[in-house]
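Asks: Structure incoming, see below.
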Amino acid sequence: MSDLSAQSVSTWLKDFAEVINEQANYLTDLDRQIGDADHGSNMSRGMSAVAALDPASFTDASGMLKKAGMTLVSTVGGASGPLYGTFFLRLGTTFTSDGELSAADLARGMKAGLDGIIARGKASPGDKTLVDTLTPAVAAAQQAADEGRSLAEALQAASKAADQGRDSTVDMIAKRGRASYLGERSKGHQDPGATSMALLIDSAARCLA
Amino acid sequence: MSDLSAQSVSTWLKDFAEVINEQANYLTDLDRQIGDADHGSNMSRGMSAVAALDPASFTDASGMLKKAGMTLVSTVGGASGPLYGTFFLRLGTTFTSDGELSAADLARGMKAGLDGIIARGKASPGDKTLVDTLTPAVAAAQQAADEGRSLAEALQAASKAADQGRDSTVDMIAKRGRASYLGERSKGHQDPGATSMALLIDSAARCLA
Amino acid sequence: MKKLINAVEDIVKDSLVGVAAAHPDSLRVDLENAVVLRAEEPHEGKVGLVSGGGSGHEPMHSGYVGYGMLDAACCGQVFTSPVPDQMMAADKAVDGGAGVLHIVKNYTGDVMNFDMAAEMSAAESGIRIESVLVADDVAVQDSLYTVGRRGVGLTVLMEKILGAAAEEGRDLDALLRVAAKVNEGGRSFGLALTSCVVPAAGRPTFELADDEIELGIGIHGEPGRQRAKLSTAAEVAEQLAEPILADLDFTGEPVIAMLNGLGGTPLIEQYLVWGEVSKVLAGKGVQVSRTLVGNHITSLEMAGCSLTLLKADGDLLHLWDAPVNTPGLRWGC
Amino acid sequence: MKKLINAVEDIVKDSLVGVAAAHPDSLRVDLENAVVLRAEEPHEGKVGLVSGGGSGHEPMHSGYVGYGMLDAACCGQVFTSPVPDQMMAADKAVDGGAGVLHIVKNYTGDVMNFDMAAEMSAAESGIRIESVLVADDVAVQDSLYTVGRRGVGLTVLMEKILGAAAEEGRDLDALLRVAAKVNEGGRSFGLALTSCVVPAAGRPTFELADDEIELGIGIHGEPGRQRAKLSTAAEVAEQLAEPILADLDFTGEPVIAMLNGLGGTPLIEQYLVWGEVSKVLAGKGVQVSRTLVGNHITSLEMAGCSLTLLKADGDLLHLWDAPVNTPGLRWGC
Ligand SMILES: Nc1ncnc2c1ncn2[C@@H]1O[C@H](COP(=O)(O)OP(=O)(O)O)[C@@H](O)[C@H]1O
Ligand SMILES: Nc1ncnc2c1ncn2[C@@H]1O[C@H](COP(=O)(O)OP(=O)(O)O)[C@@H](O)[C@H]1O
Ligand SMILES: [Mg+2]
Ligand SMILES: [Mg+2]
Ligand SMILES: [Mg+2]
Ligand SMILES: [Mg+2]
């Protein structure tokens, strides 16, 4: 299903919503340790609203993605609402035409999403945020595209890199978000947003390939 | 030491203060079950102040007993302050002359104390209060006096009756004091004030005989 | 026991030092007697209002001293009634020639200590002293053979209303008539989610399971009359309102309502419960005209809440709305 | 988890139903958007003051809506910032032609959501929107490389003072100057004796031993920077005041002080701590001119307290003393 459409986007979003619901307690628990114990419930509230969107009411993937982004902005709150919302809004403005989705398209879309997140949240890699998951994932997708590999291969590479990026947050000292208030004490804990972002890329690898 | 004097009264009050301090946690714990968890600390605050009174500054037992009563009224608060205070005030007005203390004197003094407590608190026997300790103790002292027995024997009899009176409160349903709010649920618990009153009579039996 | 204190025996005095430091312009604290007074006392020709009781119920009573409410609050040890010396000091300080009214919650200890004080104050200084017993807790069976109901939430409303009446210059007899009306038309009921720790005892007065509540709780950590499972706030609202409405008909007249937090329950939950209670009351035809939500008469850090309803005719509403300026209740000035 | 609620996901809305029921005359609650407004909005020619944030800090912010303080409060889920739609609805409702000021606590989520709202409100309806970031928590290291300090207790003072300035008719630029002065001269520090239970998480955010306190606690149950043994209130007073005084010189000018309860700490302890803090401050030559003691910005049922100090020149004192009429703060009217 490497075809881009409201339907394929919906499949992805519904899968992600399911994963988030399953992992909500785990994500909240990560946030309990270095944040305020709500990342799981935040994401789950937002993705449940997104999963309720009917793909039939959108003419194309772009419309569906933008609406998903706006829905997250309007229902999540906290740091993750604007950040995840921006990510999907940017995907929507990048994927303007339905049909075949190439590895290069994927890399371009993800890069736009990452740029949006950085513009909104001003985090750099190493700050212990979801940027640490997304940055290597974008790089891996881009490399796969540059090497002429398939969308499926690019998604696999991105997903693997995302997981590594997520793991890399464990040893970091937080500089953005709520965990930054802990200073040194944030070390040794995996960042909740980096964790949910890895789940999103994994879900994409399952659903969009 | 069947001689009544400021000194002998002081010995009794200091002994009772010591017992109260030792039993304070126990008394508070009884009050925790059917009251408000302060009977031990109330009595201990008051009796520490009483124990600090210098017998040398009183001309007779009567003066010392009245001052002890006023001290309890002024330092204890709660139900026990006015009740114990009244008891000692009445003892003070009954025991007007120092010297030999007879069993009949004892019975008369205790009866005056009990009457004062009833006038102040309006409890009847069976209401699950310290009146249930004092009433049989007074009766026992009176009987000993009527039978011409010694002060020591009267005190022994009073103490034994007091302990039985205290024990009898376990099965009662409280009708006075804070425990009365519990209704049926007050059953099965020993009344804290009845317990401290038995300690007072026991202490008298040790010190005044 | 985890408390912000220095030593158990100093809690009341140390806290009053803070009261004095926080309200230097409006209050005067007699530390020796643990009595909180208005900065200027007595008020010539005004009945002096003296209340008090065990500490641990703050803002009641010390937080209700000020214009339009109390003249003095006598602060006993935690959950222990004050001693007569305190009330005598207060009586003397606030007597402006029109007599003094003691507002007493109906507990044996409080009643006896206030009684002794009234006898001695009257004897010593000839002040005319009357007292009002507040006895509003429907959790307690009221009969000839018991001591009657406990005084709980209605005390706050009593102090506010009598305070306004005294400020207007009504005399002792008039105040007694107002008090009788408040007692006749006022009822309360409370429930707890947790116990509290009396400092001198050092551990919780009772234990509740994770899904249990104590119905008919007093304000001293005394166990209530019954345990129940904790259900929804909607159900809790029924549990609060039902015993009150069963005891007295609250329809046909405006009602002043207080949803009171017992100390450890956050305001967000108190408002939530009030939302549910107001639905229950509306469903029973009770017309609430004034509402107070918040921690007004507490039991240290106990989690839970209580509901107080008072039937209020035009005069009571007028007295309720009158200006009041105390640390714990303030409006109109 | 023991809470007086119906369902976790309904807490905020259900509680707002109670707010609406309790304050029918002074407040209007937009339940759909979870926005609390004054009964009459907008006020022609007055800058509209909009604040908001996660719920669970009550009375902040919804309890600070009213004359002399906020025009609107946007209530997010518990401890989660509100979403832009809420602020947009508030902006529109309160704009009286003189622009709108957002009062935002410095948390990433709050900042981003208010920013998005400001951009969209300005774009959609051409309202001039400015924002004030409150960042007063000295427990958090402030550097170029971090997000800066958290906004905590000073928010209450900021809302009161800006509210008075807006009521006087000062314009947006004047308000921004006042806000800058408040931010420059205001600092806070908090400590906790217990954690709190975020409803969606269902268990305490952190665990403290029976003799431990968490120093530098935030208002969301976020762990602080350090654990310490719980000692006396006198020691706690030092622990509260020292980091604030080390950060800024508070001598030489009058100071407004707030000793704030975090929710689960009874008022008797708060006053006790204030008594000790006032001694510490006096010893350091800090002259406290105004004092507020009580639960003003809370963390659900967390036990603990925080201290906020604000250097106040004549204008700030004047604005502080100006009349305010909200459920959570009221004087002068
Ligand atoms: N400035 C930022 N840039 C990128 N990601 C951020 C930023 N701040 C926070 N995050 C991410 O958001 C996550 C927390 O989200 P969430 O718990 O939902 O919001 P909040 O922190 O407002 O409670 C963090 O784990 C982190 O990955
Ligand atoms: N009306 C009364 N008459 C006699 N004794 C009483 C009366 N009310 C209470 N008591 C006694 O006082 C005891 C409680 O004393 P205490 O705990 O010190 O006071 P409080 O009940 O005010 O906390 C009860 O156990 C009971 O024996
Ligand atoms: Mg979070
Ligand atoms: Mg007791
Ligand atoms: Mg008591
Ligand atoms: Mg959050």
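Ordering of the structure tokens sets the chain letters (A, B, ...); residue numbers start at 1 within each chain; ligands are numbered from 1 in the order shown.
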Please, which residues of chain C lie no more than 7 Å from chain D when the count uses only C-alpha atoms, and can they be set out as a PyMOL selection string?
Replies: chain C and resi 2+4-6+14-15+17-19+21-22+56+58-59+193+210+232-234+263-269+271-275+278+291+300-301+330-333
Asks: Taking only C-alpha atoms and all ligand atoms into account, which residues are within 7 Å of ligand 1, as a PyMOL selection string?
Replies: (chain A and resi 31+35-39+42-43+78-81+83+117-118+121-123+128-131+176-178+191-194) or (chain D and resi 80-81+108-109)
Asks: Would you put the residues from that selection into a file with N, CA, C and O atoms, as a compact mmCIF listing (two decimals), in the first residue's frame?
Replies:
# COMPACT_ATOMS: atom_id res chain seq x y z
N ASP A 31 6.53 9.49 31.82
CA ASP A 31 6.35 10.92 32.10
C ASP A 31 6.25 11.17 33.61
O ASP A 31 6.60 12.25 34.10
N GLY A 35 8.46 13.90 34.28
CA GLY A 35 7.56 14.94 33.82
C GLY A 35 6.37 15.05 34.74
O GLY A 35 6.54 15.04 35.95
N ASP A 36 5.19 15.08 34.19
CA ASP A 36 4.01 15.30 35.01
C ASP A 36 2.94 14.25 34.80
O ASP A 36 1.76 14.50 35.03
N ALA A 37 3.36 13.08 34.35
CA ALA A 37 2.48 11.91 34.37
C ALA A 37 1.25 12.07 33.49
O ALA A 37 0.15 11.68 33.88
N ASP A 38 1.41 12.67 32.32
CA ASP A 38 0.22 12.77 31.47
C ASP A 38 0.48 12.48 29.99
O ASP A 38 -0.44 12.60 29.19
N HIS A 39 1.70 12.12 29.61
CA HIS A 39 1.94 11.99 28.18
C HIS A 39 1.06 10.93 27.54
O HIS A 39 0.52 11.13 26.45
N ASN A 42 -2.48 12.25 27.36
CA ASN A 42 -2.55 13.31 26.35
C ASN A 42 -2.64 12.72 24.94
O ASN A 42 -3.52 13.07 24.15
N MET A 43 -1.70 11.83 24.62
CA MET A 43 -1.63 11.27 23.27
C MET A 43 -2.86 10.42 22.98
O MET A 43 -3.37 10.40 21.85
N GLY A 78 -0.82 20.63 26.31
CA GLY A 78 0.53 20.26 26.73
C GLY A 78 1.54 20.52 25.63
O GLY A 78 1.27 21.21 24.64
N ALA A 79 2.73 19.96 25.79
CA ALA A 79 3.76 20.14 24.78
C ALA A 79 3.48 19.29 23.56
O ALA A 79 3.71 19.70 22.42
N SER A 80 2.96 18.09 23.77
CA SER A 80 2.84 17.18 22.64
C SER A 80 1.75 17.59 21.66
O SER A 80 1.86 17.29 20.46
N GLY A 81 0.72 18.29 22.11
CA GLY A 81 -0.35 18.72 21.19
C GLY A 81 0.17 19.57 20.05
O GLY A 81 0.03 19.20 18.88
N LEU A 83 3.18 20.04 19.08
CA LEU A 83 4.30 19.44 18.36
C LEU A 83 3.81 18.35 17.40
O LEU A 83 4.14 18.37 16.21
N ILE A 117 8.45 21.10 13.93
CA ILE A 117 8.57 20.83 15.37
C ILE A 117 9.67 21.69 16.00
O ILE A 117 9.52 22.24 17.09
N ILE A 118 10.76 21.82 15.26
CA ILE A 118 11.88 22.62 15.78
C ILE A 118 11.51 24.11 15.82
O ILE A 118 11.83 24.83 16.77
N GLY A 121 9.12 24.32 18.85
CA GLY A 121 9.61 23.98 20.20
C GLY A 121 11.05 24.37 20.47
O GLY A 121 11.51 24.30 21.60
N LYS A 122 11.78 24.75 19.41
CA LYS A 122 13.16 25.23 19.57
C LYS A 122 14.10 24.24 20.24
O LYS A 122 15.10 24.64 20.86
N ALA A 123 13.81 22.96 20.11
CA ALA A 123 14.72 21.96 20.67
C ALA A 123 15.80 21.62 19.65
O ALA A 123 15.57 21.69 18.44
N LYS A 128 16.99 15.82 24.67
CA LYS A 128 16.14 14.80 25.30
C LYS A 128 14.66 15.07 25.03
O LYS A 128 13.85 15.23 25.95
N THR A 129 14.34 15.11 23.74
CA THR A 129 12.94 15.29 23.35
C THR A 129 12.65 14.37 22.17
O THR A 129 13.53 13.63 21.71
N LEU A 130 11.43 14.48 21.66
CA LEU A 130 11.07 13.67 20.50
C LEU A 130 11.90 14.05 19.28
O LEU A 130 11.98 13.28 18.31
N VAL A 131 12.55 15.19 19.30
CA VAL A 131 13.46 15.56 18.22
C VAL A 131 14.60 14.55 18.10
O VAL A 131 15.11 14.29 17.00
N ARG A 176 15.03 20.75 27.25
CA ARG A 176 13.73 21.32 26.86
C ARG A 176 12.62 20.54 27.57
O ARG A 176 12.83 19.41 27.99
N GLY A 177 11.49 21.16 27.62
CA GLY A 177 10.33 20.48 28.21
C GLY A 177 10.48 20.39 29.72
O GLY A 177 11.45 20.86 30.31
N ARG A 178 9.51 19.77 30.30
CA ARG A 178 9.38 19.69 31.74
C ARG A 178 10.53 18.97 32.42
O ARG A 178 10.90 19.28 33.55
N ASP A 191 12.96 9.38 27.47
CA ASP A 191 12.01 10.48 27.27
C ASP A 191 10.67 9.97 26.72
O ASP A 191 10.63 9.22 25.75
N PRO A 192 9.57 10.37 27.36
CA PRO A 192 8.26 9.88 26.90
C PRO A 192 7.92 10.30 25.47
O PRO A 192 7.44 9.48 24.69
N GLY A 193 8.16 11.56 25.12
CA GLY A 193 7.84 12.01 23.76
C GLY A 193 8.70 11.31 22.72
O GLY A 193 8.22 10.96 21.63
N ALA A 194 9.95 11.07 23.03
CA ALA A 194 10.83 10.34 22.11
C ALA A 194 10.30 8.92 21.91
O ALA A 194 10.41 8.34 20.82
N THR D 80 -2.39 19.71 32.33
CA THR D 80 -2.07 19.77 30.91
C THR D 80 -2.54 21.12 30.38
O THR D 80 -3.69 21.50 30.61
N SER D 81 -1.67 21.82 29.68
CA SER D 81 -2.05 23.16 29.22
C SER D 81 -3.31 23.10 28.37
O SER D 81 -3.59 22.08 27.75
N THR D 108 6.73 24.70 28.54
CA THR D 108 6.75 24.49 27.10
C THR D 108 5.34 24.37 26.53
O THR D 108 4.99 25.03 25.56
N GLY D 109 4.56 23.50 27.17
CA GLY D 109 3.22 23.26 26.63
C GLY D 109 2.37 24.52 26.66
O GLY D 109 1.71 24.86 25.67
Asks: Pull the alpha helix (DSSP H) assignments for stretch 26-209 of chain B out of DSSP run on the backbone, and list those residues as a PyMOL selection string.
Replies: chain B and resi 26-34+39-51+61-75+80-94+103-121+131-146+151-168+192-207
Asks: Would you mind exporting the chosen residues as a CSV table (one decimal), in the first residue's frame, restricted to C-alpha atoms?
Replies:
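Written file, again-v4.csv:
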chain,number,residue,atom,x,y,z
B,26,TYR,CA,-2.7,4.0,75.9
B,27,LEU,CA,-5.4,6.5,77.0
B,28,THR,CA,-5.1,8.4,73.7
B,29,ASP,CA,-5.4,5.2,71.9
B,30,LEU,CA,-8.6,4.3,73.7
B,31,ASP,CA,-9.9,7.8,72.8
B,32,ARG,CA,-8.8,7.2,69.2
B,33,GLN,CA,-11.2,4.4,68.9
B,34,ILE,CA,-14.4,6.1,70.2
B,39,HIS,CA,-7.5,12.0,76.3
B,40,GLY,CA,-4.0,10.9,77.1
B,41,SER,CA,-2.4,14.2,76.0
B,42,ASN,CA,-5.1,16.2,77.7
B,43,MET,CA,-4.6,14.5,81.1
B,44,SER,CA,-0.9,14.5,80.7
B,45,ARG,CA,-0.8,18.2,80.0
B,46,GLY,CA,-3.0,18.9,83.0
B,47,MET,CA,-1.3,16.6,85.5
B,48,SER,CA,2.2,17.8,84.5
B,49,ALA,CA,1.0,21.3,85.5
B,50,VAL,CA,-0.4,19.9,88.7
B,51,ALA,CA,2.7,17.9,89.5
B,61,ALA,CA,-4.6,19.8,101.9
B,62,SER,CA,-7.7,21.8,101.1
B,63,GLY,CA,-5.7,24.6,99.5
B,64,MET,CA,-3.6,22.2,97.5
B,65,LEU,CA,-6.6,20.3,96.2
B,66,LYS,CA,-8.4,23.4,95.1
B,67,LYS,CA,-5.4,24.7,93.3
B,68,ALA,CA,-5.0,21.3,91.6
B,69,GLY,CA,-8.6,21.5,90.5
B,70,MET,CA,-8.2,25.1,89.2
B,71,THR,CA,-5.0,24.1,87.4
B,72,LEU,CA,-6.8,21.2,85.6
B,73,VAL,CA,-9.6,23.5,84.6
B,74,SER,CA,-7.1,26.0,83.3
B,75,THR,CA,-4.8,23.7,81.4
B,80,SER,CA,-11.9,16.0,81.2
B,81,GLY,CA,-10.7,19.4,82.2
B,82,PRO,CA,-13.8,20.6,83.9
B,83,LEU,CA,-14.7,17.2,85.2
B,84,TYR,CA,-11.4,16.3,86.8
B,85,GLY,CA,-11.1,19.9,87.9
B,86,THR,CA,-14.5,19.8,89.6
B,87,PHE,CA,-13.6,16.6,91.3
B,88,PHE,CA,-10.5,18.1,93.0
B,89,LEU,CA,-12.3,21.3,93.8
B,90,ARG,CA,-15.0,19.4,95.6
B,91,LEU,CA,-12.4,17.3,97.4
B,92,GLY,CA,-10.8,20.5,98.5
B,93,THR,CA,-14.1,21.9,99.9
B,94,THR,CA,-14.8,18.7,101.7
B,103,ALA,CA,-12.7,5.9,105.8
B,104,ALA,CA,-15.8,8.0,106.3
B,105,ASP,CA,-14.0,11.2,105.4
B,106,LEU,CA,-12.8,9.5,102.2
B,107,ALA,CA,-16.3,8.3,101.3
B,108,ARG,CA,-17.7,11.7,101.9
B,109,GLY,CA,-15.0,13.5,99.8
B,110,MET,CA,-15.3,11.1,96.9
B,111,LYS,CA,-19.1,11.4,97.0
B,112,ALA,CA,-18.8,15.2,96.8
B,113,GLY,CA,-16.5,14.9,93.8
B,114,LEU,CA,-18.9,12.5,92.1
B,115,ASP,CA,-21.8,14.9,92.7
B,116,GLY,CA,-19.8,17.7,91.2
B,117,ILE,CA,-19.0,15.7,88.2
B,118,ILE,CA,-22.6,14.8,87.7
B,119,ALA,CA,-23.8,18.4,88.2
B,120,ARG,CA,-21.3,19.6,85.6
B,121,GLY,CA,-21.6,16.7,83.0
B,131,VAL,CA,-19.0,8.2,86.3
B,132,ASP,CA,-19.2,4.5,85.8
B,133,THR,CA,-15.8,4.1,87.5
B,134,LEU,CA,-16.5,6.6,90.3
B,135,THR,CA,-20.0,5.5,91.2
B,136,PRO,CA,-19.1,2.0,92.4
B,137,ALA,CA,-15.9,3.3,93.9
B,138,VAL,CA,-17.8,5.7,96.1
B,139,ALA,CA,-20.3,3.0,97.0
B,140,ALA,CA,-17.5,0.6,98.0
B,141,ALA,CA,-15.7,3.3,100.1
B,142,GLN,CA,-19.0,4.1,101.8
B,143,GLN,CA,-19.7,0.5,102.6
B,144,ALA,CA,-16.2,0.0,104.1
B,145,ALA,CA,-16.8,3.0,106.3
B,146,ASP,CA,-20.2,1.8,107.3
B,151,LEU,CA,-8.9,3.9,105.5
B,152,ALA,CA,-6.5,1.5,103.8
B,153,GLU,CA,-9.3,-1.1,103.5
B,154,ALA,CA,-11.7,1.5,102.1
B,155,LEU,CA,-9.2,2.6,99.5
B,156,GLN,CA,-8.6,-1.0,98.5
B,157,ALA,CA,-12.3,-1.7,98.1
B,158,ALA,CA,-12.8,1.6,96.2
B,159,SER,CA,-9.9,0.7,93.9
B,160,LYS,CA,-11.2,-2.8,93.2
B,161,ALA,CA,-14.7,-1.4,92.5
B,162,ALA,CA,-13.3,1.3,90.3
B,163,ASP,CA,-11.5,-1.3,88.1
B,164,GLN,CA,-14.7,-3.2,87.8
B,165,GLY,CA,-16.6,-0.1,86.9
B,166,ARG,CA,-14.0,0.7,84.3
B,167,ASP,CA,-14.3,-2.8,82.8
B,168,SER,CA,-18.1,-2.5,82.8
B,192,PRO,CA,-10.9,6.4,78.2
B,193,GLY,CA,-12.2,8.6,81.0
B,194,ALA,CA,-13.4,5.6,83.0
B,195,THR,CA,-9.9,4.2,82.5
B,196,SER,CA,-8.0,7.3,83.7
B,197,MET,CA,-10.4,7.6,86.7
B,198,ALA,CA,-9.6,4.0,87.8
B,199,LEU,CA,-5.9,5.0,87.6
B,200,LEU,CA,-6.6,7.9,89.9
B,201,ILE,CA,-8.4,5.8,92.5
B,202,ASP,CA,-5.6,3.1,92.3
B,203,SER,CA,-3.1,5.8,92.8
B,204,ALA,CA,-5.0,7.0,95.9
B,205,ALA,CA,-5.0,3.5,97.3
B,206,ARG,CA,-1.2,3.4,96.9
B,207,CYS,CA,-0.5,6.9,98.3
Asks: Given a cut-off of 7 Å, which residues of chain D touch chain A, counting only C-alpha atoms, written out as a PyMOL selection string?
Replies: chain D and resi 80-85+108-110+112-113+140+145-147+198+200-201+205+220-222+224-225
Asks: Atom CA of C:Lys105 and atom CA of C:Glu214, how far apart in Å?
Replies: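 Between atom CA of C:Glu214 and atom CA of C:Lys105 the gap is 21.5 Å.
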Asks: Give the strand (DSSP E) residues of stretch 124-329 of chain D, as DSSP finds them on the backbone, and put them as a PyMOL selection string.
Replies: chain D and resi 129-134+186-192+212-215+226-229+255-261+288-294+304-311+324-325
Asks: Please list as a list in words every residue within 9 Å of C:Asp249, counting only C-alpha atoms and excluding residues in the same chain fewer than 4 positions away.
Replies: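 Contacts, with the query itself left out: Ile244, Leu245 and Val286 of chain C.
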Asks: Can you list, as a PyMOL selection string, every protein, DNA or RNA residue that comes within 10 Å of C:Asp30 when you count only C-alpha atoms, leaving out same-chain residues fewer than 3 positions away?
Replies: chain C and resi 13+16-17+20+27+33-37+74+86+89-90
Asks: From the options C:Arg38, C:Met87, C:Tyr107, C:Ala139, which residue's atoms come nearest to ligand 2, counting only C-alpha atoms and all ligand atoms?
Replies: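 Going through C:Arg38, C:Met87, C:Tyr107, C:Ala139 one by one, the smallest distance to ligand 2 is for C:Tyr107.
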Asks: Which value, in Å to one decimal, gives the distance between atom CA of C:Ser26 and atom CA of C:Pro42?
Replies: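 Separating atom CA of C:Ser26 from atom CA of C:Pro42 is a distance of 13.7 Å.
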Asks: Please list as a compact mmCIF listing (two decimals) with all heavy atoms, in the first residue's frame every residue within 8 Å of D:Ile161, counting only C-alpha atoms and excluding residues in the same chain fewer than 5 positions away.
Replies:
# COMPACT_ATOMS: atom_id res chain seq x y z
N MET D 69 -9.34 41.43 38.34
CA MET D 69 -8.36 40.37 38.09
C MET D 69 -8.56 39.86 36.66
O MET D 69 -8.53 40.67 35.73
CB MET D 69 -8.47 39.29 39.19
CG MET D 69 -7.11 38.73 39.60
SD MET D 69 -7.15 37.95 41.24
CE MET D 69 -5.66 36.93 41.12
N LEU D 316 3.08 49.23 42.55
CA LEU D 316 2.67 47.83 42.72
C LEU D 316 1.84 47.65 43.99
O LEU D 316 0.84 46.93 43.99
CB LEU D 316 3.89 46.90 42.74
CG LEU D 316 4.68 46.74 41.43
CD1 LEU D 316 5.68 45.58 41.53
CD2 LEU D 316 3.76 46.54 40.23
N LEU D 319 -1.59 48.90 43.23
CA LEU D 319 -2.35 47.94 42.41
C LEU D 319 -2.75 46.70 43.23
O LEU D 319 -3.82 46.14 43.05
CB LEU D 319 -1.53 47.52 41.19
CG LEU D 319 -1.28 48.65 40.17
CD1 LEU D 319 -0.25 48.23 39.12
CD2 LEU D 319 -2.59 49.08 39.50
N TRP D 320 -1.86 46.30 44.13
CA TRP D 320 -2.17 45.16 45.01
C TRP D 320 -3.37 45.46 45.91
O TRP D 320 -4.24 44.63 46.11
CB TRP D 320 -0.95 44.82 45.87
CG TRP D 320 -1.18 43.66 46.79
CD1 TRP D 320 -1.38 43.69 48.13
CD2 TRP D 320 -1.26 42.28 46.41
NE1 TRP D 320 -1.57 42.42 48.62
CE2 TRP D 320 -1.50 41.54 47.60
CE3 TRP D 320 -1.15 41.60 45.20
CZ2 TRP D 320 -1.64 40.14 47.60
CZ3 TRP D 320 -1.28 40.21 45.20
CH2 TRP D 320 -1.52 39.50 46.38
Asks: I'd like the neighbourhood of B:Asp3 as an MDAnalysis selection string, where a residue qualifies if any of its atoms comes within 10 Å (using only C-alpha atoms), though same-chain residues fewer than 2 positions away should be ignored.
Replies: chainID B and resid 1 5:9 61 98:102 208:209
